[in-house]
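The structure file upload23.pdb is reproduced below (PDB, C-alpha atoms and all ligand atoms).
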ATOM      1  CA  MET J   1     121.789 -53.080  83.830
ATOM      2  CA  GLU J   2     121.254 -56.780  84.331
ATOM      3  CA  ARG J   3     124.870 -57.717  83.906
ATOM      4  CA  GLU J   4     125.083 -59.558  87.243
ATOM      5  CA  LEU J   5     122.224 -61.738  86.092
ATOM      6  CA  TYR J   6     124.014 -63.088  83.096
ATOM      7  CA  GLN J   7     126.807 -65.047  84.648
ATOM      8  CA  GLU J   8     128.947 -67.151  82.360
ATOM      9  CA  LEU J   9     127.196 -70.366  83.389
ATOM     10  CA  ILE J  10     123.802 -68.932  82.469
ATOM     11  CA  LEU J  11     125.100 -67.666  79.128
ATOM     12  CA  ASP J  12     126.643 -71.061  78.414
ATOM     13  CA  HIS J  13     123.461 -73.008  79.161
ATOM     14  CA  ASN J  14     121.430 -70.564  77.094
ATOM     15  CA  ARG J  15     123.764 -70.963  74.119
ATOM     16  CA  THR J  16     124.040 -74.729  74.495
ATOM     17  CA  PRO J  17     121.067 -76.041  76.459
ATOM     18  CA  ARG J  18     121.485 -79.538  77.926
ATOM     19  CA  ASN J  19     118.712 -82.129  77.685
ATOM     20  CA  ARG J  20     116.699 -80.061  75.205
ATOM     21  CA  ARG J  21     114.722 -82.834  73.569
ATOM     22  CA  ALA J  22     111.392 -84.568  73.910
ATOM     23  CA  ILE J  23     110.959 -87.917  75.684
ATOM     24  CA  GLU J  24     108.649 -90.303  73.835
ATOM     25  CA  HIS J  25     105.832 -91.560  76.077
ATOM     26  CA  PRO J  26     107.014 -89.750  79.221
ATOM     27  CA  ASP J  27     105.685 -90.875  82.598
ATOM     28  CA  ALA J  28     105.098 -87.251  83.513
ATOM     29  CA  SER J  29     105.039 -84.040  81.507
ATOM     30  CA  ALA J  30     103.554 -80.574  81.643
ATOM     31  CA  GLU J  31     103.640 -77.295  79.782
ATOM     32  CA  GLY J  32     104.571 -74.070  81.500
ATOM     33  CA  HIS J  33     103.897 -70.497  80.492
ATOM     34  CA  ASN J  34     105.260 -67.225  81.757
ATOM     35  CA  PRO J  35     103.069 -64.609  80.043
ATOM     36  CA  LEU J  36     105.014 -61.765  81.634
ATOM     37  CA  CYS J  37     108.113 -62.563  79.573
ATOM     38  CA  GLY J  38     106.743 -64.915  76.914
ATOM     39  CA  ASP J  39     108.679 -67.956  78.120
ATOM     40  CA  GLU J  40     107.270 -71.373  77.196
ATOM     41  CA  VAL J  41     108.616 -74.694  78.419
ATOM     42  CA  THR J  42     107.568 -78.335  78.305
ATOM     43  CA  ILE J  43     109.089 -80.707  80.851
ATOM     44  CA  TYR J  44     109.285 -84.463  80.245
ATOM     45  CA  MET J  45     110.196 -87.115  82.806
ATOM     46  CA  ASP J  46     110.783 -90.847  82.834
ATOM     47  CA  LEU J  47     110.193 -92.216  86.307
ATOM     48  CA  GLU J  48     111.266 -95.485  87.818
ATOM     49  CA  GLY J  49     109.557 -96.008  91.117
ATOM     50  CA  ASP J  50     110.383 -92.911  93.134
ATOM     51  CA  ALA J  51     113.383 -91.951  90.969
ATOM     52  CA  ILE J  52     113.649 -89.504  88.096
ATOM     53  CA  ARG J  53     115.408 -91.713  85.566
ATOM     54  CA  ASP J  54     115.406 -89.098  82.791
ATOM     55  CA  ILE J  55     114.272 -85.486  82.513
ATOM     56  CA  SER J  56     114.325 -83.169  79.522
ATOM     57  CA  PHE J  57     112.707 -80.023  78.194
ATOM     58  CA  GLU J  58     111.647 -78.210  75.064
ATOM     59  CA  GLY J  59     110.623 -74.636  74.660
ATOM     60  CA  HIS J  60     111.770 -71.151  73.986
ATOM     61  CA  GLY J  61     112.167 -68.021  76.005
ATOM     62  CA  CYS J  62     114.694 -65.642  77.448
ATOM     63  CA  ALA J  63     118.232 -66.608  78.454
ATOM     64  CA  ILE J  64     117.278 -66.982  82.116
ATOM     65  CA  SER J  65     114.372 -69.360  81.462
ATOM     66  CA  THR J  66     116.317 -71.510  78.998
ATOM     67  CA  ALA J  67     119.401 -71.736  81.208
ATOM     68  CA  SER J  68     117.242 -72.496  84.237
ATOM     69  CA  ALA J  69     115.500 -75.390  82.460
ATOM     70  CA  SER J  70     118.845 -76.724  81.239
ATOM     71  CA  LEU J  71     120.528 -76.556  84.655
ATOM     72  CA  MET J  72     117.443 -77.964  86.373
ATOM     73  CA  THR J  73     117.381 -81.066  84.166
ATOM     74  CA  GLU J  74     121.074 -81.647  84.879
ATOM     75  CA  ALA J  75     120.534 -81.260  88.619
ATOM     76  CA  LEU J  76     117.458 -83.476  88.914
ATOM     77  CA  ARG J  77     118.397 -86.506  86.820
ATOM     78  CA  GLY J  78     118.708 -89.521  89.091
ATOM     79  CA  LEU J  79     117.211 -87.835  92.154
ATOM     80  CA  SER J  80     114.210 -89.144  94.016
ATOM     81  CA  ILE J  81     110.984 -87.214  93.548
ATOM     82  CA  SER J  82     111.032 -85.997  97.152
ATOM     83  CA  ASP J  83     114.640 -84.773  96.824
ATOM     84  CA  ALA J  84     113.723 -82.958  93.588
ATOM     85  CA  LEU J  85     110.823 -81.181  95.268
ATOM     86  CA  GLU J  86     113.018 -80.306  98.247
ATOM     87  CA  ILE J  87     115.735 -78.751  96.097
ATOM     88  CA  PHE J  88     113.023 -76.779  94.281
ATOM     89  CA  GLU J  89     111.895 -75.405  97.619
ATOM     90  CA  ARG J  90     115.446 -74.324  98.471
ATOM     91  CA  PHE J  91     116.001 -72.894  94.972
ATOM     92  CA  HIS J  92     112.723 -70.965  95.229
ATOM     93  CA  ARG J  93     113.710 -69.498  98.590
ATOM     94  CA  MET J  94     117.120 -68.544  97.187
ATOM     95  CA  VAL J  95     115.621 -66.495  94.321
ATOM     96  CA  THR J  96     112.764 -64.930  96.296
ATOM     97  CA  GLU J  97     113.932 -64.307  99.859
ATOM     98  CA  GLU J  98     116.416 -61.564 100.579
ATOM     99  CA  ASP J  99     118.024 -63.343 103.525
ATOM    100  CA  ALA J 100     117.807 -66.898 102.201
ATOM    101  CA  SER J 101     120.990 -68.899 101.846
ATOM    102  CA  SER J 102     122.476 -68.977  98.369
ATOM    103  CA  ASP J 103     124.544 -71.987  99.355
ATOM    104  CA  LEU J 104     122.736 -75.027  97.960
ATOM    105  CA  GLY J 105     125.663 -77.355  98.590
ATOM    106  CA  GLU J 106     126.951 -80.365  96.650
ATOM    107  CA  PRO J 107     125.999 -81.250  93.967
ATOM    108  CA  PHE J 108     123.755 -78.260  93.324
ATOM    109  CA  GLU J 109     126.307 -75.410  93.287
ATOM    110  CA  LYS J 110     125.594 -74.611  89.640
ATOM    111  CA  LEU J 111     122.059 -73.599  90.545
ATOM    112  CA  GLU J 112     123.566 -70.862  92.725
ATOM    113  CA  ALA J 113     124.215 -68.933  89.487
ATOM    114  CA  PHE J 114     120.601 -67.777  89.802
ATOM    115  CA  ALA J 115     120.997 -66.234  93.259
ATOM    116  CA  GLY J 116     121.341 -62.777  91.656
ATOM    117  CA  VAL J 117     117.827 -63.051  90.238
ATOM    118  CA  ARG J 118     116.375 -62.011  93.597
ATOM    119  CA  GLU J 119     117.491 -58.450  92.811
ATOM    120  CA  PHE J 120     115.249 -58.514  89.724
ATOM    121  CA  PRO J 121     111.742 -59.596  90.789
ATOM    122  CA  ALA J 122     110.431 -59.604  87.208
ATOM    123  CA  ARG J 123     112.970 -62.283  86.310
ATOM    124  CA  VAL J 124     112.139 -64.605  89.203
ATOM    125  CA  LYS J 125     109.330 -66.097  87.119
ATOM    126  CA  CYS J 126     111.768 -66.747  84.291
ATOM    127  CA  ALA J 127     114.104 -68.594  86.671
ATOM    128  CA  THR J 128     111.372 -70.672  88.326
ATOM    129  CA  LEU J 129     109.148 -71.512  85.328
ATOM    130  CA  ALA J 130     110.820 -74.850  84.544
ATOM    131  CA  TRP J 131     110.698 -75.775  88.242
ATOM    132  CA  HIS J 132     107.008 -74.966  88.627
ATOM    133  CA  THR J 133     106.368 -76.982  85.464
ATOM    134  CA  MET J 134     108.375 -79.945  86.794
ATOM    135  CA  GLN J 135     106.334 -79.822  89.999
ATOM    136  CA  ALA J 136     103.049 -79.637  88.056
ATOM    137  CA  ALA J 137     104.076 -82.675  85.984
ATOM    138  CA  LEU J 138     104.800 -84.683  89.147
ATOM    139  CA  GLN J 139     101.406 -83.657  90.529
ATOM    140  CA  GLY J 140      99.700 -84.924  87.377
ATOM    141  CA  LYS J 141      98.788 -81.465  86.140
ATOM    142  CA  ARG J 142      99.204 -80.754  82.453
ATOM    143  CA  GLU J 143      99.913 -77.068  82.708
ATOM    144  CA  ALA J 144     101.683 -74.595  84.929
ATOM    145  CA  THR J 145     101.625 -70.849  84.804
ATOM    146  CA  THR J 146     103.573 -68.290  86.735
ATOM    147  CA  GLU J 147     100.474 -66.078  86.980
TER     148      GLU J 147
HETATM  149 ZN    ZN H 201     111.905 -64.852  80.698
END
Represent the structure contained in this file as structure tokens.
Amino acid sequence: MERELYQELILDHNRTPRNRRAIEHPDASAEGHNPLCGDEVTIYMDLEGDAIRDISFEGHGCAISTASASLMTEALRGLSISDALEIFERFHRMVTEEDASSDLGEPFEKLEAFAGVREFPARVKCATLAWHTMQAALQGKREATTE
């Protein structure tokens, strides 16, 4: 039923998540919860001025939430904070708005694997949990919830 959701890229990042580790003494971190599905994620970031020097995650959850956290950390490393928040906005539109563009452009094409999530509203929270948690960490909040 959800076959379109589980593209090869998502399966790959669920099987072998990238950047799944803690950062000691992170400059920013937050915990995110998605009670609807049971997904839990912690995001860690090392910042240098306005740049995200390192970003990683820990946690457990469904394939969508794990793959989303993994692909997000890959996409955001080295970006400025404002660019990271802007790509989150575009990603969020892509998975929630029927007529939004699913073309995120270079170098964010991999995130387009989640475009199919918009057909499955219950899974949108799985796909955006890591992103909401990243945003909460940058805002100095300790926790994020999809509720
Ligand atoms: Zn989930």
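All residues that come within 6 Å of the coordinates (112.2, -71.1, 83.9), counting only C-alpha atoms, are given as J:Ser65, J:Ser68, J:Ala69, J:Cys126, J:Ala127, J:Thr128, J:Leu129, J:Ala130.
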For this session: Output the residue selection produced by the PyMOL selection byres (((not hetatm)) within 9 of (chain H and resi 201)) on the file above, formatted as number ranges by chain.
Result: J: 34-40, 61-66, 122-127, 129
For this session: May I have the protein, DNA and RNA residues with an atom at most 12 Å from (125.2, -81.1, 93.8), counting only C-alpha atoms in the file's coordinates, returned as number ranges by chain?
Result: J: 71-72, 74-79, 83-84, 87, 103-112
Go ahead and write the residues just picked, C-alpha atoms, as a compact mmCIF listing (two decimals), in the frame of the given file.
# COMPACT_ATOMS: atom_id res chain seq x y z
CA LEU J 71 120.53 -76.56 84.66
CA MET J 72 117.44 -77.96 86.37
CA GLU J 74 121.07 -81.65 84.88
CA ALA J 75 120.53 -81.26 88.62
CA LEU J 76 117.46 -83.48 88.91
CA ARG J 77 118.40 -86.51 86.82
CA GLY J 78 118.71 -89.52 89.09
CA LEU J 79 117.21 -87.84 92.15
CA ASP J 83 114.64 -84.77 96.82
CA ALA J 84 113.72 -82.96 93.59
CA ILE J 87 115.74 -78.75 96.10
CA ASP J 103 124.54 -71.99 99.36
CA LEU J 104 122.74 -75.03 97.96
CA GLY J 105 125.66 -77.36 98.59
CA GLU J 106 126.95 -80.36 96.65
CA PRO J 107 126.00 -81.25 93.97
CA PHE J 108 123.76 -78.26 93.32
CA GLU J 109 126.31 -75.41 93.29
CA LYS J 110 125.59 -74.61 89.64
CA LEU J 111 122.06 -73.60 90.54
CA GLU J 112 123.57 -70.86 92.72
For this session: Could you expand the PyMOL selection byres (((chain J and resi 116-120) around 8) and not hetatm) into the explicit residues it covers here, written as a ChimeraX atom specification?
Result: /J:4-5,94-98,113-115,121-124,127
What lies within 8 Å of J:Asn19 using all atoms listed in the file, ignoring chain neighbours under 6 positions off, as a PDB file with C-alpha atoms, keeping the file's coordinate frame?
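Done, and the output landed in out_12.pdb:
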ATOM      1  CA  ILE J  55     114.272 -85.486  82.513  1.00  0.00           C
ATOM      2  CA  SER J  56     114.325 -83.169  79.522  1.00  0.00           C
ATOM      3  CA  PHE J  57     112.707 -80.023  78.194  1.00  0.00           C
ATOM      4  CA  SER J  70     118.845 -76.724  81.239  1.00  0.00           C
ATOM      5  CA  THR J  73     117.381 -81.066  84.166  1.00  0.00           C
ATOM      6  CA  GLU J  74     121.074 -81.647  84.879  1.00  0.00           C
TER       7      GLU J  74
END
Problem set entry | Chain and number of each residue from the PyMOL selection byres (((chain J and resi 134-142) around 7) and not hetatm), as a PyMOL selection string | chain J and resi 28-31+43+130-133+143-144
Taking all atoms of stretch 63-78 of chain J that the file lists and extending 6 Å past them on each side, where is the centre of the axis-aligned box and how long are its edges? Answer in Å to one decimal, as lines of an AutoDock Vina configuration file.
center_x = 117.7
center_y = -78.1
center_z = 83.8
size_x = 18.7
size_y = 34.9
size_z = 22.6
Problem set entry | Which residue of J:Ile23, J:Glu89, J:Val41, J:Tyr6 approaches J:Arg53 most closely, using all atoms listed in the file | J:Ile23
For this session: Quick one: pull the distance between atom CA of J:Asp46 and atom CA of J:Asp27, Å, one decimal.
Result: 5.1 Å
Exercise. With all atoms listed in the file as the basis for distance, which of J:Thr145, J:Arg15, J:Leu9, J:Ser80 is at the shortest distance from J:Ala51?
Worked result: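 Of all the options, J:Ser80 lies closest to J:Ala51.
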For this session: Have a look at atom CA of J:Gly59 and atom CA of J:Ala22 and let me know their distance in Å, one decimal.
Result: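 Answer for the atom CA of J:Gly59 to atom CA of J:Ala22 separation: 10.0 Å.
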Exercise. Which one is closest to J:Arg90: J:Gly32, J:Ser102, J:Asp54, J:Glu48? Count all atoms listed in the file.
Worked result: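 Looking only at the distances to J:Arg90, the closest residue turns out to be J:Ser102.
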Exercise. Atom CA of J:Pro17 to atom CA of J:Ala67: how many Å, to one decimal?
Worked result: 6.6 Å
Seminar exercise, completed: Shortest contact to J:Glu147, candidates J:Arg18, J:Ile52, J:His33, J:Arg93, atoms counted all atoms listed in the file, goes to J:His33
Produce stretch 12-137 of chain J of the given structure as output with C-alpha atoms, as a PDB file, in the first residue's frame.
ATOM      1  CA  ASP J  12      19.114   2.592   2.042  1.00  0.00           C
ATOM      2  CA  HIS J  13      19.271   5.402   4.601  1.00  0.00           C
ATOM      3  CA  ASN J  14      17.056   3.432   6.964  1.00  0.00           C
ATOM      4  CA  ARG J  15      19.309   0.379   6.712  1.00  0.00           C
ATOM      5  CA  THR J  16      22.518   2.391   6.937  1.00  0.00           C
ATOM      6  CA  PRO J  17      21.812   5.751   8.558  1.00  0.00           C
ATOM      7  CA  ARG J  18      24.487   8.420   8.031  1.00  0.00           C
ATOM      8  CA  ASN J  19      25.684  10.613  10.897  1.00  0.00           C
ATOM      9  CA  ARG J  20      23.936   8.498  13.533  1.00  0.00           C
ATOM     10  CA  ARG J  21      26.067   9.378  16.525  1.00  0.00           C
ATOM     11  CA  ALA J  22      26.117  11.830  19.389  1.00  0.00           C
ATOM     12  CA  ILE J  23      28.226  15.009  19.373  1.00  0.00           C
ATOM     13  CA  GLU J  24      29.964  15.670  22.688  1.00  0.00           C
ATOM     14  CA  HIS J  25      29.181  19.156  24.020  1.00  0.00           C
ATOM     15  CA  PRO J  26      27.060  20.234  21.037  1.00  0.00           C
ATOM     16  CA  ASP J  27      26.379  23.934  20.510  1.00  0.00           C
ATOM     17  CA  ALA J  28      22.740  23.117  19.871  1.00  0.00           C
ATOM     18  CA  SER J  29      20.631  20.025  20.442  1.00  0.00           C
ATOM     19  CA  ALA J  30      17.029  19.044  20.990  1.00  0.00           C
ATOM     20  CA  GLU J  31      14.872  15.972  21.351  1.00  0.00           C
ATOM     21  CA  GLY J  32      11.911  15.358  19.098  1.00  0.00           C
ATOM     22  CA  HIS J  33       8.918  13.110  19.575  1.00  0.00           C
ATOM     23  CA  ASN J  34       6.239  11.948  17.201  1.00  0.00           C
ATOM     24  CA  PRO J  35       3.697  10.232  19.476  1.00  0.00           C
ATOM     25  CA  LEU J  36       1.507   9.296  16.521  1.00  0.00           C
ATOM     26  CA  CYS J  37       4.102   6.837  15.216  1.00  0.00           C
ATOM     27  CA  GLY J  38       6.451   6.474  18.186  1.00  0.00           C
ATOM     28  CA  ASP J  39       9.425   8.106  16.469  1.00  0.00           C
ATOM     29  CA  GLU J  40      12.097   9.621  18.723  1.00  0.00           C
ATOM     30  CA  VAL J  41      15.070  11.641  17.532  1.00  0.00           C
ATOM     31  CA  THR J  42      17.809  13.747  19.090  1.00  0.00           C
ATOM     32  CA  ILE J  43      19.601  16.259  16.877  1.00  0.00           C
ATOM     33  CA  TYR J  44      23.096  17.539  17.695  1.00  0.00           C
ATOM     34  CA  MET J  45      24.880  20.445  16.025  1.00  0.00           C
ATOM     35  CA  ASP J  46      28.299  22.045  16.175  1.00  0.00           C
ATOM     36  CA  LEU J  47      28.088  25.641  15.028  1.00  0.00           C
ATOM     37  CA  GLU J  48      30.813  27.968  13.898  1.00  0.00           C
ATOM     38  CA  GLY J  49      29.491  31.469  13.620  1.00  0.00           C
ATOM     39  CA  ASP J  50      26.500  31.191  11.315  1.00  0.00           C
ATOM     40  CA  ALA J  51      27.585  27.836   9.842  1.00  0.00           C
ATOM     41  CA  ILE J  52      26.546  24.312  10.744  1.00  0.00           C
ATOM     42  CA  ARG J  53      29.972  22.716  11.040  1.00  0.00           C
ATOM     43  CA  ASP J  54      28.650  19.295  12.083  1.00  0.00           C
ATOM     44  CA  ILE J  55      25.199  17.780  12.540  1.00  0.00           C
ATOM     45  CA  SER J  56      24.227  14.314  13.705  1.00  0.00           C
ATOM     46  CA  PHE J  57      21.330  12.408  15.207  1.00  0.00           C
ATOM     47  CA  GLU J  58      20.392   9.529  17.452  1.00  0.00           C
ATOM     48  CA  GLY J  59      17.060   7.890  17.892  1.00  0.00           C
ATOM     49  CA  HIS J  60      14.754   5.210  16.704  1.00  0.00           C
ATOM     50  CA  GLY J  61      11.564   5.090  14.745  1.00  0.00           C
ATOM     51  CA  CYS J  62      10.052   4.031  11.470  1.00  0.00           C
ATOM     52  CA  ALA J  63      11.950   3.852   8.180  1.00  0.00           C
ATOM     53  CA  ILE J  64      10.680   7.256   7.059  1.00  0.00           C
ATOM     54  CA  SER J  65      11.779   9.080  10.220  1.00  0.00           C
ATOM     55  CA  THR J  66      15.207   7.431  10.318  1.00  0.00           C
ATOM     56  CA  ALA J  67      15.894   8.009   6.624  1.00  0.00           C
ATOM     57  CA  SER J  68      14.686  11.597   6.905  1.00  0.00           C
ATOM     58  CA  ALA J  69      17.060  12.331   9.801  1.00  0.00           C
ATOM     59  CA  SER J  70      19.933  10.684   7.932  1.00  0.00           C
ATOM     60  CA  LEU J  71      19.327  12.569   4.676  1.00  0.00           C
ATOM     61  CA  MET J  72      18.740  15.831   6.538  1.00  0.00           C
ATOM     62  CA  THR J  73      22.102  15.655   8.318  1.00  0.00           C
ATOM     63  CA  GLU J  74      23.829  15.000   4.990  1.00  0.00           C
ATOM     64  CA  ALA J  75      22.046  17.927   3.353  1.00  0.00           C
ATOM     65  CA  LEU J  76      22.625  20.476   6.115  1.00  0.00           C
ATOM     66  CA  ARG J  77      26.285  19.948   6.996  1.00  0.00           C
ATOM     67  CA  GLY J  78      28.238  23.049   6.041  1.00  0.00           C
ATOM     68  CA  LEU J  79      25.187  25.206   5.331  1.00  0.00           C
ATOM     69  CA  SER J  80      24.502  28.497   7.030  1.00  0.00           C
ATOM     70  CA  ILE J  81      21.723  28.498   9.606  1.00  0.00           C
ATOM     71  CA  SER J  82      19.509  30.679   7.413  1.00  0.00           C
ATOM     72  CA  ASP J  83      20.000  28.373   4.403  1.00  0.00           C
ATOM     73  CA  ALA J  84      19.153  25.353   6.586  1.00  0.00           C
ATOM     74  CA  LEU J  85      15.925  26.961   7.763  1.00  0.00           C
ATOM     75  CA  GLU J  86      15.061  27.956   4.197  1.00  0.00           C
ATOM     76  CA  ILE J  87      15.519  24.438   2.846  1.00  0.00           C
ATOM     77  CA  PHE J  88      13.355  23.166   5.717  1.00  0.00           C
ATOM     78  CA  GLU J  89      10.627  25.540   4.609  1.00  0.00           C
ATOM     79  CA  ARG J  90      10.829  24.240   1.034  1.00  0.00           C
ATOM     80  CA  PHE J  91      10.982  20.609   2.213  1.00  0.00           C
ATOM     81  CA  HIS J  92       7.945  21.193   4.442  1.00  0.00           C
ATOM     82  CA  ARG J  93       5.969  22.685   1.563  1.00  0.00           C
ATOM     83  CA  MET J  94       6.969  19.757  -0.658  1.00  0.00           C
ATOM     84  CA  VAL J  95       5.568  17.145   1.765  1.00  0.00           C
ATOM     85  CA  THR J  96       2.441  19.067   2.784  1.00  0.00           C
ATOM     86  CA  GLU J  97       1.192  21.053  -0.207  1.00  0.00           C
ATOM     87  CA  GLU J  98      -0.409  19.274  -3.119  1.00  0.00           C
ATOM     88  CA  ASP J  99       0.778  21.772  -5.722  1.00  0.00           C
ATOM     89  CA  ALA J 100       4.173  22.564  -4.213  1.00  0.00           C
ATOM     90  CA  SER J 101       7.267  21.977  -6.296  1.00  0.00           C
ATOM     91  CA  SER J 102       9.073  18.721  -5.635  1.00  0.00           C
ATOM     92  CA  ASP J 103      12.145  20.115  -7.348  1.00  0.00           C
ATOM     93  CA  LEU J 104      14.492  21.243  -4.577  1.00  0.00           C
ATOM     94  CA  GLY J 105      17.438  21.681  -6.925  1.00  0.00           C
ATOM     95  CA  GLU J 106      21.168  21.123  -6.418  1.00  0.00           C
ATOM     96  CA  PRO J 107      22.436  19.860  -4.034  1.00  0.00           C
ATOM     97  CA  PHE J 108      19.199  18.812  -2.358  1.00  0.00           C
ATOM     98  CA  GLU J 109      17.783  16.367  -4.937  1.00  0.00           C
ATOM     99  CA  LYS J 110      18.023  13.440  -2.524  1.00  0.00           C
ATOM    100  CA  LEU J 111      15.454  15.076  -0.273  1.00  0.00           C
ATOM    101  CA  GLU J 112      12.987  14.826  -3.165  1.00  0.00           C
ATOM    102  CA  ALA J 113      12.664  11.116  -2.291  1.00  0.00           C
ATOM    103  CA  PHE J 114      10.137  12.257   0.318  1.00  0.00           C
ATOM    104  CA  ALA J 115       7.828  14.025  -2.140  1.00  0.00           C
ATOM    105  CA  GLY J 116       5.536  10.962  -2.161  1.00  0.00           C
ATOM    106  CA  VAL J 117       4.845  11.415   1.547  1.00  0.00           C
ATOM    107  CA  ARG J 118       2.268  14.098   0.754  1.00  0.00           C
ATOM    108  CA  GLU J 119      -0.079  11.306  -0.362  1.00  0.00           C
ATOM    109  CA  PHE J 120       0.108   9.851   3.161  1.00  0.00           C
ATOM    110  CA  PRO J 121      -0.709  12.618   5.666  1.00  0.00           C
ATOM    111  CA  ALA J 122      -0.038  10.377   8.677  1.00  0.00           C
ATOM    112  CA  ARG J 123       3.560   9.959   7.534  1.00  0.00           C
ATOM    113  CA  VAL J 124       4.262  13.666   7.064  1.00  0.00           C
ATOM    114  CA  LYS J 125       5.114  13.911  10.761  1.00  0.00           C
ATOM    115  CA  CYS J 126       7.574  11.052  10.389  1.00  0.00           C
ATOM    116  CA  ALA J 127       9.294  12.851   7.501  1.00  0.00           C
ATOM    117  CA  THR J 128       9.442  16.248   9.223  1.00  0.00           C
ATOM    118  CA  LEU J 129      10.270  15.231  12.818  1.00  0.00           C
ATOM    119  CA  ALA J 130      14.052  15.573  12.443  1.00  0.00           C
ATOM    120  CA  TRP J 131      13.571  18.937  10.711  1.00  0.00           C
ATOM    121  CA  HIS J 132      11.288  20.332  13.405  1.00  0.00           C
ATOM    122  CA  THR J 133      13.806  19.120  15.987  1.00  0.00           C
ATOM    123  CA  MET J 134      16.699  20.782  14.131  1.00  0.00           C
ATOM    124  CA  GLN J 135      14.724  24.030  14.066  1.00  0.00           C
ATOM    125  CA  ALA J 136      13.905  23.760  17.789  1.00  0.00           C
ATOM    126  CA  ALA J 137      17.599  23.218  18.586  1.00  0.00           C
TER     127      ALA J 137
END
